[in-house]
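What follows is work_13.cif (mmCIF, C-alpha atoms, pLDDT in the B column; chains and numbers go by the auth columns).
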```cif
data_target
loop_
_atom_site.group_PDB
_atom_site.id
_atom_site.type_symbol
_atom_site.label_atom_id
_atom_site.label_comp_id
_atom_site.label_asym_id
_atom_site.label_seq_id
_atom_site.Cartn_x
_atom_site.Cartn_y
_atom_site.Cartn_z
_atom_site.B_iso_or_equiv
_atom_site.auth_seq_id
_atom_site.auth_asym_id
ATOM 1 C CA MET A 1 40.246 112.918 35.433 43.00 158 A
ATOM 2 C CA LYS A 2 43.081 112.164 37.856 39.00 159 A
ATOM 3 C CA LYS A 3 45.620 113.048 35.131 39.00 160 A
ATOM 4 C CA LEU A 4 43.862 116.376 34.501 37.00 161 A
ATOM 5 C CA ILE A 5 43.907 117.272 38.233 38.00 162 A
ATOM 6 C CA PHE A 6 47.594 116.271 38.475 36.00 163 A
ATOM 7 C CA ALA A 7 48.474 118.388 35.420 38.00 164 A
ATOM 8 C CA ALA A 8 46.561 121.385 36.839 40.00 165 A
ATOM 9 C CA ALA A 9 48.345 121.030 40.207 39.00 166 A
ATOM 10 C CA ALA A 10 51.755 120.814 38.512 39.00 167 A
ATOM 11 C CA LEU A 11 50.981 123.888 36.390 37.00 168 A
ATOM 12 C CA PHE A 12 49.862 125.818 39.502 40.00 169 A
ATOM 13 C CA ALA A 13 53.053 124.844 41.420 40.00 170 A
ATOM 14 C CA PHE A 14 55.216 125.886 38.445 40.00 171 A
ATOM 15 C CA GLY A 15 53.421 129.245 38.243 44.00 172 A
ATOM 16 C CA VAL A 16 53.848 129.905 41.984 40.00 173 A
ATOM 17 C CA SER A 17 57.582 129.091 41.892 42.00 174 A
ATOM 18 C CA ASN A 18 58.086 131.426 38.912 43.00 175 A
ATOM 19 C CA ALA A 19 56.191 134.218 40.673 41.00 176 A
ATOM 20 C CA GLN A 20 58.364 133.812 43.765 42.00 177 A
ATOM 21 C CA GLU A 21 61.515 134.042 41.661 43.00 178 A
ATOM 22 C CA LYS A 22 60.256 137.231 40.018 45.00 179 A
ATOM 23 C CA GLU A 23 59.431 138.760 43.406 50.00 180 A
ATOM 24 C CA SER A 24 63.072 138.767 44.542 55.00 181 A
ATOM 25 C CA THR A 25 63.675 141.852 46.669 72.00 182 A
ATOM 26 C CA GLU A 26 67.440 142.177 46.304 84.00 183 A
ATOM 27 C CA GLY A 27 68.463 145.791 45.915 88.00 184 A
ATOM 28 C CA PHE A 28 66.769 148.964 47.149 92.00 185 A
ATOM 29 C CA LYS A 29 63.616 150.935 46.445 92.00 186 A
ATOM 30 C CA ASN A 30 61.842 154.026 47.756 93.00 187 A
ATOM 31 C CA GLY A 31 60.894 153.579 51.434 91.00 188 A
ATOM 32 C CA ASP A 32 63.542 150.954 52.292 94.00 189 A
ATOM 33 C CA ILE A 33 65.423 151.308 55.593 95.00 190 A
ATOM 34 C CA PHE A 34 68.897 149.889 56.172 95.00 191 A
ATOM 35 C CA ILE A 35 71.487 149.653 58.915 95.00 192 A
ATOM 36 C CA SER A 36 75.185 149.240 58.241 91.00 193 A
ATOM 37 C CA GLY A 37 78.481 149.884 59.885 83.00 194 A
ATOM 38 C CA SER A 38 81.976 148.730 60.586 80.00 195 A
ATOM 39 C CA PHE A 39 83.792 147.161 63.503 81.00 196 A
ATOM 40 C CA ASN A 40 87.583 146.998 63.906 83.00 197 A
ATOM 41 C CA ILE A 41 89.995 145.599 66.482 87.00 198 A
ATOM 42 C CA GLY A 42 93.747 145.935 66.048 85.00 199 A
ATOM 43 C CA SER A 43 96.959 145.307 67.923 83.00 200 A
ATOM 44 C CA SER A 44 100.585 146.163 67.127 80.00 201 A
ATOM 45 C CA LYS A 45 103.775 145.381 69.009 79.00 202 A
ATOM 46 C CA TYR A 46 107.361 146.349 68.206 73.00 203 A
ATOM 47 C CA THR A 47 109.733 144.358 70.442 67.00 204 A
ATOM 48 C CA GLU A 48 112.808 146.382 69.566 65.00 205 A
ATOM 49 C CA ASP A 49 111.225 149.686 70.642 63.00 206 A
ATOM 50 C CA ASN A 50 109.049 148.218 73.453 71.00 207 A
ATOM 51 C CA TYR A 51 106.123 149.903 71.700 76.00 208 A
ATOM 52 C CA LYS A 52 102.622 148.459 71.967 81.00 209 A
ATOM 53 C CA GLU A 53 99.324 149.733 70.564 84.00 210 A
ATOM 54 C CA SER A 54 95.813 148.316 70.712 87.00 211 A
ATOM 55 C CA SER A 55 92.736 149.844 69.114 89.00 212 A
ATOM 56 C CA PHE A 56 89.009 149.334 68.843 90.00 213 A
ATOM 57 C CA SER A 57 86.354 151.134 66.815 91.00 214 A
ATOM 58 C CA VAL A 58 82.677 150.739 65.975 90.00 215 A
ATOM 59 C CA ALA A 59 80.586 152.920 63.645 89.00 216 A
ATOM 60 C CA PRO A 60 76.924 151.967 63.075 92.00 217 A
ATOM 61 C CA SER A 61 74.714 153.937 60.705 94.00 218 A
ATOM 62 C CA VAL A 62 71.086 153.945 59.570 96.00 219 A
ATOM 63 C CA GLY A 63 69.660 155.120 56.248 96.00 220 A
ATOM 64 C CA PHE A 64 66.290 155.677 54.580 97.00 221 A
ATOM 65 C CA PHE A 65 65.479 155.807 50.848 96.00 222 A
ATOM 66 C CA VAL A 66 63.544 158.996 50.115 96.00 223 A
ATOM 67 C CA THR A 67 63.384 158.140 46.380 95.00 224 A
ATOM 68 C CA ASP A 68 64.377 155.061 44.373 93.00 225 A
ATOM 69 C CA ASN A 69 67.942 156.402 43.980 95.00 226 A
ATOM 70 C CA ILE A 70 68.542 158.670 46.985 96.00 227 A
ATOM 71 C CA ALA A 71 69.098 157.659 50.612 96.00 228 A
ATOM 72 C CA ILE A 72 69.750 159.886 53.627 97.00 229 A
ATOM 73 C CA GLY A 73 70.930 158.826 57.050 96.00 230 A
ATOM 74 C CA GLY A 74 72.953 159.339 60.192 96.00 231 A
ATOM 75 C CA THR A 75 75.913 157.671 61.846 94.00 232 A
ATOM 76 C CA ILE A 76 77.617 157.536 65.219 95.00 233 A
ATOM 77 C CA GLY A 77 81.099 156.258 65.910 94.00 234 A
ATOM 78 C CA TYR A 78 83.331 155.432 68.827 95.00 235 A
ATOM 79 C CA GLY A 79 87.015 154.593 68.758 93.00 236 A
ATOM 80 C CA SER A 80 89.561 153.903 71.471 92.00 237 A
ATOM 81 C CA SER A 81 93.285 153.258 71.341 90.00 238 A
ATOM 82 C CA LYS A 82 95.915 152.577 73.967 86.00 239 A
ATOM 83 C CA VAL A 83 99.625 153.165 73.424 82.00 240 A
ATOM 84 C CA THR A 84 102.470 151.966 75.663 78.00 241 A
ATOM 85 C CA GLU A 85 105.930 153.147 74.645 75.00 242 A
ATOM 86 C CA ASN A 86 108.018 151.422 77.311 70.00 243 A
ATOM 87 C CA GLU A 87 107.315 148.450 79.566 66.00 244 A
ATOM 88 C CA GLY A 88 106.176 149.724 82.976 65.00 245 A
ATOM 89 C CA ASP A 89 105.405 153.268 81.758 70.00 246 A
ATOM 90 C CA PRO A 90 101.800 154.512 81.977 70.00 247 A
ATOM 91 C CA SER A 91 99.755 154.031 78.803 76.00 248 A
ATOM 92 C CA THR A 92 98.397 156.856 76.679 80.00 249 A
ATOM 93 C CA LYS A 93 94.669 156.493 75.994 87.00 250 A
ATOM 94 C CA ILE A 94 92.902 158.190 73.118 89.00 251 A
ATOM 95 C CA ASN A 95 89.092 158.108 72.794 92.00 252 A
ATOM 96 C CA THR A 96 87.106 159.510 69.882 93.00 253 A
ATOM 97 C CA LEU A 97 83.359 160.055 69.603 94.00 254 A
ATOM 98 C CA SER A 98 81.765 161.190 66.347 94.00 255 A
ATOM 99 C CA VAL A 99 78.279 161.919 64.978 96.00 256 A
ATOM 100 C CA GLY A 100 77.374 162.632 61.386 95.00 257 A
ATOM 101 C CA ALA A 101 74.880 162.662 58.543 97.00 258 A
ATOM 102 C CA PHE A 102 75.121 161.446 54.956 96.00 259 A
ATOM 103 C CA GLY A 103 73.362 161.410 51.624 96.00 260 A
ATOM 104 C CA ARG A 104 73.818 158.740 48.941 96.00 261 A
ATOM 105 C CA TYR A 105 72.981 158.483 45.260 96.00 262 A
ATOM 106 C CA TYR A 106 72.751 154.913 43.868 95.00 263 A
ATOM 107 C CA THR A 107 73.232 154.245 40.149 92.00 264 A
ATOM 108 C CA THR A 108 71.269 150.941 39.992 89.00 265 A
ATOM 109 C CA PRO A 109 69.519 150.641 43.370 90.00 266 A
ATOM 110 C CA ALA A 110 67.182 147.772 42.410 89.00 267 A
ATOM 111 C CA SER A 111 70.067 145.501 41.335 90.00 268 A
ATOM 112 C CA LYS A 112 72.107 142.929 43.221 91.00 269 A
ATOM 113 C CA PHE A 113 75.197 145.122 42.657 93.00 270 A
ATOM 114 C CA SER A 114 75.130 148.915 42.781 93.00 271 A
ATOM 115 C CA VAL A 115 77.642 151.760 42.825 94.00 272 A
ATOM 116 C CA PHE A 116 76.911 154.815 44.959 95.00 273 A
ATOM 117 C CA GLY A 117 78.360 158.214 45.718 94.00 274 A
ATOM 118 C CA GLN A 118 78.174 159.481 49.295 94.00 275 A
ATOM 119 C CA LEU A 119 78.490 162.967 50.750 95.00 276 A
ATOM 120 C CA GLY A 120 78.973 162.911 54.509 93.00 277 A
ATOM 121 C CA VAL A 121 79.503 165.495 57.241 95.00 278 A
ATOM 122 C CA ALA A 122 80.658 164.677 60.765 94.00 279 A
ATOM 123 C CA TYR A 123 81.609 166.262 64.066 95.00 280 A
ATOM 124 C CA SER A 124 84.183 164.526 66.257 93.00 281 A
ATOM 125 C CA SER A 125 85.746 164.969 69.672 92.00 282 A
ATOM 126 C CA THR A 126 89.032 163.245 70.536 91.00 283 A
ATOM 127 C CA ASP A 127 90.147 163.027 74.158 89.00 284 A
ATOM 128 C CA PHE A 128 93.883 162.601 74.849 83.00 285 A
ATOM 129 C CA ASP A 129 93.894 161.199 78.373 79.00 286 A
ATOM 130 C CA ALA A 130 97.590 161.729 79.179 71.00 287 A
ATOM 131 C CA LEU A 131 97.667 165.289 77.783 72.00 288 A
ATOM 132 C CA ASP A 132 94.413 166.314 79.498 75.00 289 A
ATOM 133 C CA TYR A 133 92.848 168.078 76.503 79.00 290 A
ATOM 134 C CA LYS A 134 90.437 167.406 73.656 87.00 291 A
ATOM 135 C CA VAL A 135 90.546 168.097 69.945 90.00 292 A
ATOM 136 C CA ASN A 136 87.200 168.984 68.360 91.00 293 A
ATOM 137 C CA GLY A 137 86.823 168.648 64.635 92.00 294 A
ATOM 138 C CA PHE A 138 84.465 168.922 61.691 93.00 295 A
ATOM 139 C CA GLY A 139 84.809 167.090 58.405 93.00 296 A
ATOM 140 C CA VAL A 140 83.216 166.724 54.973 94.00 297 A
ATOM 141 C CA VAL A 141 83.905 163.664 52.797 91.00 298 A
ATOM 142 C CA LEU A 142 82.817 162.817 49.262 92.00 299 A
ATOM 143 C CA SER A 143 83.410 159.129 48.551 90.00 300 A
ATOM 144 C CA PRO A 144 82.477 156.358 46.111 91.00 301 A
ATOM 145 C CA GLY A 145 81.222 152.972 47.283 92.00 302 A
ATOM 146 C CA VAL A 146 79.585 149.708 46.255 93.00 303 A
ATOM 147 C CA ASN A 147 76.893 147.372 47.616 92.00 304 A
ATOM 148 C CA TYR A 148 76.626 143.689 46.723 94.00 305 A
ATOM 149 C CA PHE A 149 73.558 141.788 47.972 94.00 306 A
ATOM 150 C CA LEU A 150 74.202 138.275 49.293 93.00 307 A
ATOM 151 C CA ASN A 151 70.445 137.664 49.622 92.00 308 A
ATOM 152 C CA ASN A 152 67.253 139.749 49.951 90.00 309 A
ATOM 153 C CA ASN A 153 68.360 141.424 53.191 92.00 310 A
ATOM 154 C CA PHE A 154 72.143 141.261 53.610 93.00 311 A
ATOM 155 C CA ALA A 155 74.716 143.099 51.501 93.00 312 A
ATOM 156 C CA ILE A 156 78.460 143.660 51.644 92.00 313 A
ATOM 157 C CA GLU A 157 79.407 147.327 51.508 91.00 314 A
ATOM 158 C CA ALA A 158 82.734 148.920 50.633 88.00 315 A
ATOM 159 C CA SER A 159 83.764 152.575 50.370 86.00 316 A
ATOM 160 C CA TRP A 160 86.911 154.659 50.270 82.00 317 A
ATOM 161 C CA GLY A 161 87.660 158.351 50.646 74.00 318 A
ATOM 162 C CA ALA A 162 88.118 160.448 47.519 78.00 319 A
ATOM 163 C CA LEU A 163 87.712 164.102 48.484 87.00 320 A
ATOM 164 C CA SER A 164 87.802 165.340 52.071 87.00 321 A
ATOM 165 C CA TYR A 165 88.112 168.500 54.147 92.00 322 A
ATOM 166 C CA THR A 166 88.715 168.562 57.903 90.00 323 A
ATOM 167 C CA ASN A 167 88.909 171.381 60.427 91.00 324 A
ATOM 168 C CA SER A 168 90.119 170.714 63.983 88.00 325 A
ATOM 169 C CA LYS A 169 91.170 172.665 67.063 85.00 326 A
ATOM 170 C CA PRO A 170 92.418 171.641 70.542 84.00 327 A
ATOM 171 C CA ASP A 171 90.398 173.054 73.452 80.00 328 A
ATOM 172 C CA PHE A 172 93.243 174.730 75.375 79.00 329 A
ATOM 173 C CA ASP A 173 94.071 178.465 75.389 78.00 330 A
ATOM 174 C CA GLY A 174 96.167 179.681 72.483 79.00 331 A
ATOM 175 C CA ALA A 175 95.529 176.565 70.377 78.00 332 A
ATOM 176 C CA GLU A 176 95.526 177.046 66.615 84.00 333 A
ATOM 177 C CA THR A 177 92.991 175.696 64.146 85.00 334 A
ATOM 178 C CA SER A 178 94.209 173.058 61.721 88.00 335 A
ATOM 179 C CA ASN A 179 92.704 172.658 58.243 88.00 336 A
ATOM 180 C CA SER A 180 93.405 169.867 55.782 88.00 337 A
ATOM 181 C CA PHE A 181 92.211 169.068 52.279 87.00 338 A
ATOM 182 C CA GLU A 182 92.827 165.708 50.608 84.00 339 A
ATOM 183 C CA PHE A 183 92.049 164.210 47.222 82.00 340 A
ATOM 184 C CA GLY A 184 92.822 160.716 46.064 71.00 341 A
ATOM 185 C CA LEU A 185 91.669 157.118 45.725 66.00 342 A
ATOM 186 C CA ASP A 186 93.853 155.327 48.253 62.00 343 A
ATOM 187 C CA LEU A 187 92.993 151.650 47.742 61.00 344 A
ATOM 188 C CA ASP A 188 94.959 150.800 50.918 62.00 345 A
ATOM 189 C CA ASN A 189 92.233 152.549 52.926 68.00 346 A
ATOM 190 C CA ILE A 190 89.061 150.736 51.860 77.00 347 A
ATOM 191 C CA ASN A 191 86.333 150.448 54.489 79.00 348 A
ATOM 192 C CA PHE A 192 84.308 147.221 54.464 82.00 349 A
ATOM 193 C CA GLY A 193 81.022 146.733 56.276 84.00 350 A
ATOM 194 C CA LEU A 194 77.872 144.659 56.386 87.00 351 A
ATOM 195 C CA LEU A 195 74.468 146.129 55.520 91.00 352 A
ATOM 196 C CA TYR A 196 71.031 144.844 56.553 94.00 353 A
ATOM 197 C CA LYS A 197 67.901 146.013 54.731 93.00 354 A
ATOM 198 C CA PHE A 198 64.514 145.865 56.471 89.00 355 A
#
```
Rewritten as structure tokens:
Amino acid sequence: MKKLIFAAAALFAFGVSNAQEKESTEGFKNGDIFISGSFNIGSSKYTEDNYKESSFSVAPSVGFFVTDNIAIGGTIGYGSSKVTENEGDPSTKINTLSVGAFGRYYTTPASKFSVFGQLGVAYSSTDFDALDYKVNGFGVVLSPGVNYFLNNNFAIEASWGALSYTNSKPDFDGAETSNSFEFGLDLDNINFGLLYKF
């Protein structure tokens, strides 16, 4: 009798462990919410030219899966840089604030690894402190990206620009509008981030 109870308990434990393995929640599904973003700090110094630059940027975003393959979301970003050209001279400060929205299509959302395409639009305002004016801009970017899940909740995310259009204009009288269109897969400009799925 004791052997029968032991065998039944072992069988039950084996069944529970298999069920837990099958219930892995890596990947995405309809209704999932995620937050992601990037954070960068940089510093450059050229002794010969007495040139110094420091920069900081943060860009969090949040997304929601409206179907198994499609996610929509919004993002906000802030960046600041400080440039000193000569020792003792006043520094030039540049601050940028941006807000945007995006849509993504995932090829294999329920997998540990998935490729996605993202279409994003954003408005930005850049303030040049020393020049006492701002540049307001609008941009559209179509870019590929990948997600790789480290566990059920955390994933590494990488993306890079492929097709982009930007329109910008300074806010002083007589300023001209600048338009630019770019296409290419510049692997030197890959953006890495961390994603957390609720």
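If you apply the PyMOL selection byres ((chain A and resi 282) around 7) to this structure, you end up with Thr253, Leu254, Ser255, Ser281, Thr283, Asp284, Lys291, Val292, Asn293 and Gly294 of chain A.
Distance annotation: of A:Phe295, A:Phe222, A:Phe273, A:Phe213, the residue with the minimal separation from Phe196 (chain A) is A:Phe213; atom set is all atoms listed in the file.
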| request: Can you pull out every residue within 12 Å of region 235-248 of chain A, counting only C-alpha atoms, but drop anything in the same chain fewer than 3 positions away, and send it as a PyMOL selection string? | output: chain A and resi 194-218+232+251-257+280-288
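Neighbours of Ala258 (chain A) closer than or equal to 8 Å, with only C-alpha atoms counted and sequence neighbours fewer than 5 positions away skipped, come out as A:Ile229, A:Gly230, A:Gly231, A:Thr232, A:Gly277, A:Val278, A:Ala279.
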Write the residues of the selection above to a file with C-alpha atoms, as a short mmCIF file (atom, residue, chain, number, x, y, z; two decimals), keeping the file's coordinate frame.
```
data_model
loop_
_atom_site.label_atom_id
_atom_site.label_comp_id
_atom_site.auth_asym_id
_atom_site.auth_seq_id
_atom_site.Cartn_x
_atom_site.Cartn_y
_atom_site.Cartn_z
CA ILE A 229 69.75 159.89 53.63
CA GLY A 230 70.93 158.83 57.05
CA GLY A 231 72.95 159.34 60.19
CA THR A 232 75.91 157.67 61.85
CA GLY A 277 78.97 162.91 54.51
CA VAL A 278 79.50 165.50 57.24
CA ALA A 279 80.66 164.68 60.76
#
```
| query | How far is it from CA of Val223 (chain A) to CA of Tyr305 (chain A), in Å with one decimal? | reply | 20.4 Å
| request: Please indicate the distance in Å from CA of Thr264 (chain A) to CA of Ala312 (chain A), rounded to one decimal place. | output: 16.0 Å
| task | Choose the residue, out of A:Ile233, A:Phe259, A:Gln275, A:Asn310, that has the smallest atom-to-atom separation from Phe355 (chain A); count all atoms listed in the file. | result | A:Asn310
| said: So, with all atoms listed in the file as the atoms that count, which of A:Pro301, A:Gly341, A:Pro266, A:Gly296 lies closest to Leu320 (chain A)? | reply: A:Gly341
Output region 292-303 of chain A with all heavy atoms present, as a PDB file, in the frame of the given file.
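Final output, saved to part16.pdb:
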```pdb
ATOM      1  N   VAL A 292      90.499 167.467  71.264  1.00 90.00           N
ATOM      2  CA  VAL A 292      90.546 168.097  69.945  1.00 90.00           C
ATOM      3  C   VAL A 292      89.169 167.905  69.306  1.00 90.00           C
ATOM      4  O   VAL A 292      88.698 166.781  69.147  1.00 90.00           O
ATOM      5  CB  VAL A 292      91.632 167.471  69.048  1.00 90.00           C
ATOM      6  CG1 VAL A 292      91.564 168.068  67.644  1.00 90.00           C
ATOM      7  CG2 VAL A 292      93.017 167.676  69.648  1.00 90.00           C
ATOM      8  N   ASN A 293      88.517 169.027  68.998  1.00 91.00           N
ATOM      9  CA  ASN A 293      87.200 168.984  68.360  1.00 91.00           C
ATOM     10  C   ASN A 293      87.359 169.255  66.873  1.00 91.00           C
ATOM     11  O   ASN A 293      88.136 170.136  66.471  1.00 91.00           O
ATOM     12  CB  ASN A 293      86.278 170.031  68.985  1.00 91.00           C
ATOM     13  CG  ASN A 293      86.076 169.782  70.467  1.00 91.00           C
ATOM     14  OD1 ASN A 293      85.796 168.661  70.875  1.00 91.00           O
ATOM     15  ND2 ASN A 293      86.245 170.816  71.269  1.00 91.00           N
ATOM     16  N   GLY A 294      86.650 168.500  66.079  1.00 92.00           N
ATOM     17  CA  GLY A 294      86.823 168.648  64.635  1.00 92.00           C
ATOM     18  C   GLY A 294      85.535 168.512  63.854  1.00 92.00           C
ATOM     19  O   GLY A 294      84.526 167.995  64.344  1.00 92.00           O
ATOM     20  N   PHE A 295      85.581 168.994  62.619  1.00 93.00           N
ATOM     21  CA  PHE A 295      84.465 168.922  61.691  1.00 93.00           C
ATOM     22  C   PHE A 295      85.015 168.473  60.349  1.00 93.00           C
ATOM     23  O   PHE A 295      86.096 168.917  59.936  1.00 93.00           O
ATOM     24  CB  PHE A 295      83.805 170.302  61.561  1.00 93.00           C
ATOM     25  CG  PHE A 295      82.762 170.372  60.487  1.00 93.00           C
ATOM     26  CD1 PHE A 295      81.486 169.861  60.706  1.00 93.00           C
ATOM     27  CD2 PHE A 295      83.059 170.932  59.254  1.00 93.00           C
ATOM     28  CE1 PHE A 295      80.517 169.918  59.712  1.00 93.00           C
ATOM     29  CE2 PHE A 295      82.098 170.991  58.256  1.00 93.00           C
ATOM     30  CZ  PHE A 295      80.825 170.483  58.494  1.00 93.00           C
ATOM     31  N   GLY A 296      84.316 167.579  59.683  1.00 93.00           N
ATOM     32  CA  GLY A 296      84.809 167.090  58.405  1.00 93.00           C
ATOM     33  C   GLY A 296      83.714 166.885  57.379  1.00 93.00           C
ATOM     34  O   GLY A 296      82.553 166.653  57.719  1.00 93.00           O
ATOM     35  N   VAL A 297      84.098 166.987  56.104  1.00 94.00           N
ATOM     36  CA  VAL A 297      83.216 166.724  54.973  1.00 94.00           C
ATOM     37  C   VAL A 297      83.950 165.758  54.049  1.00 94.00           C
ATOM     38  O   VAL A 297      85.123 165.973  53.730  1.00 94.00           O
ATOM     39  CB  VAL A 297      82.877 168.014  54.190  1.00 94.00           C
ATOM     40  CG1 VAL A 297      81.946 167.712  53.024  1.00 94.00           C
ATOM     41  CG2 VAL A 297      82.263 169.056  55.109  1.00 94.00           C
ATOM     42  N   VAL A 298      83.270 164.666  53.656  1.00 91.00           N
ATOM     43  CA  VAL A 298      83.905 163.664  52.797  1.00 91.00           C
ATOM     44  C   VAL A 298      82.969 163.295  51.648  1.00 91.00           C
ATOM     45  O   VAL A 298      81.788 163.029  51.860  1.00 91.00           O
ATOM     46  CB  VAL A 298      84.255 162.372  53.587  1.00 91.00           C
ATOM     47  CG1 VAL A 298      84.893 161.338  52.664  1.00 91.00           C
ATOM     48  CG2 VAL A 298      85.179 162.674  54.743  1.00 91.00           C
ATOM     49  N   LEU A 299      83.516 163.299  50.443  1.00 92.00           N
ATOM     50  CA  LEU A 299      82.817 162.817  49.262  1.00 92.00           C
ATOM     51  C   LEU A 299      83.505 161.528  48.837  1.00 92.00           C
ATOM     52  O   LEU A 299      84.714 161.538  48.581  1.00 92.00           O
ATOM     53  CB  LEU A 299      82.876 163.856  48.135  1.00 92.00           C
ATOM     54  CG  LEU A 299      82.191 163.483  46.821  1.00 92.00           C
ATOM     55  CD1 LEU A 299      80.683 163.322  47.015  1.00 92.00           C
ATOM     56  CD2 LEU A 299      82.482 164.524  45.755  1.00 92.00           C
ATOM     57  N   SER A 300      82.757 160.413  48.818  1.00 90.00           N
ATOM     58  CA  SER A 300      83.410 159.129  48.551  1.00 90.00           C
ATOM     59  C   SER A 300      82.554 158.216  47.695  1.00 90.00           C
ATOM     60  O   SER A 300      81.325 158.238  47.780  1.00 90.00           O
ATOM     61  CB  SER A 300      83.745 158.425  49.860  1.00 90.00           C
ATOM     62  OG  SER A 300      82.588 158.229  50.634  1.00 90.00           O
ATOM     63  N   PRO A 301      83.203 157.379  46.864  1.00 91.00           N
ATOM     64  CA  PRO A 301      82.477 156.358  46.111  1.00 91.00           C
ATOM     65  C   PRO A 301      82.357 155.083  46.944  1.00 91.00           C
ATOM     66  O   PRO A 301      83.114 154.863  47.884  1.00 91.00           O
ATOM     67  CB  PRO A 301      83.373 156.128  44.892  1.00 91.00           C
ATOM     68  CG  PRO A 301      84.752 156.400  45.400  1.00 91.00           C
ATOM     69  CD  PRO A 301      84.610 157.471  46.456  1.00 91.00           C
ATOM     70  N   GLY A 302      81.388 154.247  46.582  1.00 92.00           N
ATOM     71  CA  GLY A 302      81.222 152.972  47.283  1.00 92.00           C
ATOM     72  C   GLY A 302      80.424 151.993  46.448  1.00 92.00           C
ATOM     73  O   GLY A 302      79.871 152.339  45.392  1.00 92.00           O
ATOM     74  N   VAL A 303      80.349 150.753  46.929  1.00 93.00           N
ATOM     75  CA  VAL A 303      79.585 149.708  46.255  1.00 93.00           C
ATOM     76  C   VAL A 303      78.823 148.872  47.283  1.00 93.00           C
ATOM     77  O   VAL A 303      79.255 148.741  48.432  1.00 93.00           O
ATOM     78  CB  VAL A 303      80.482 148.770  45.402  1.00 93.00           C
ATOM     79  CG1 VAL A 303      81.115 149.511  44.244  1.00 93.00           C
ATOM     80  CG2 VAL A 303      81.555 148.113  46.260  1.00 93.00           C
TER      81      VAL A 303
END
```
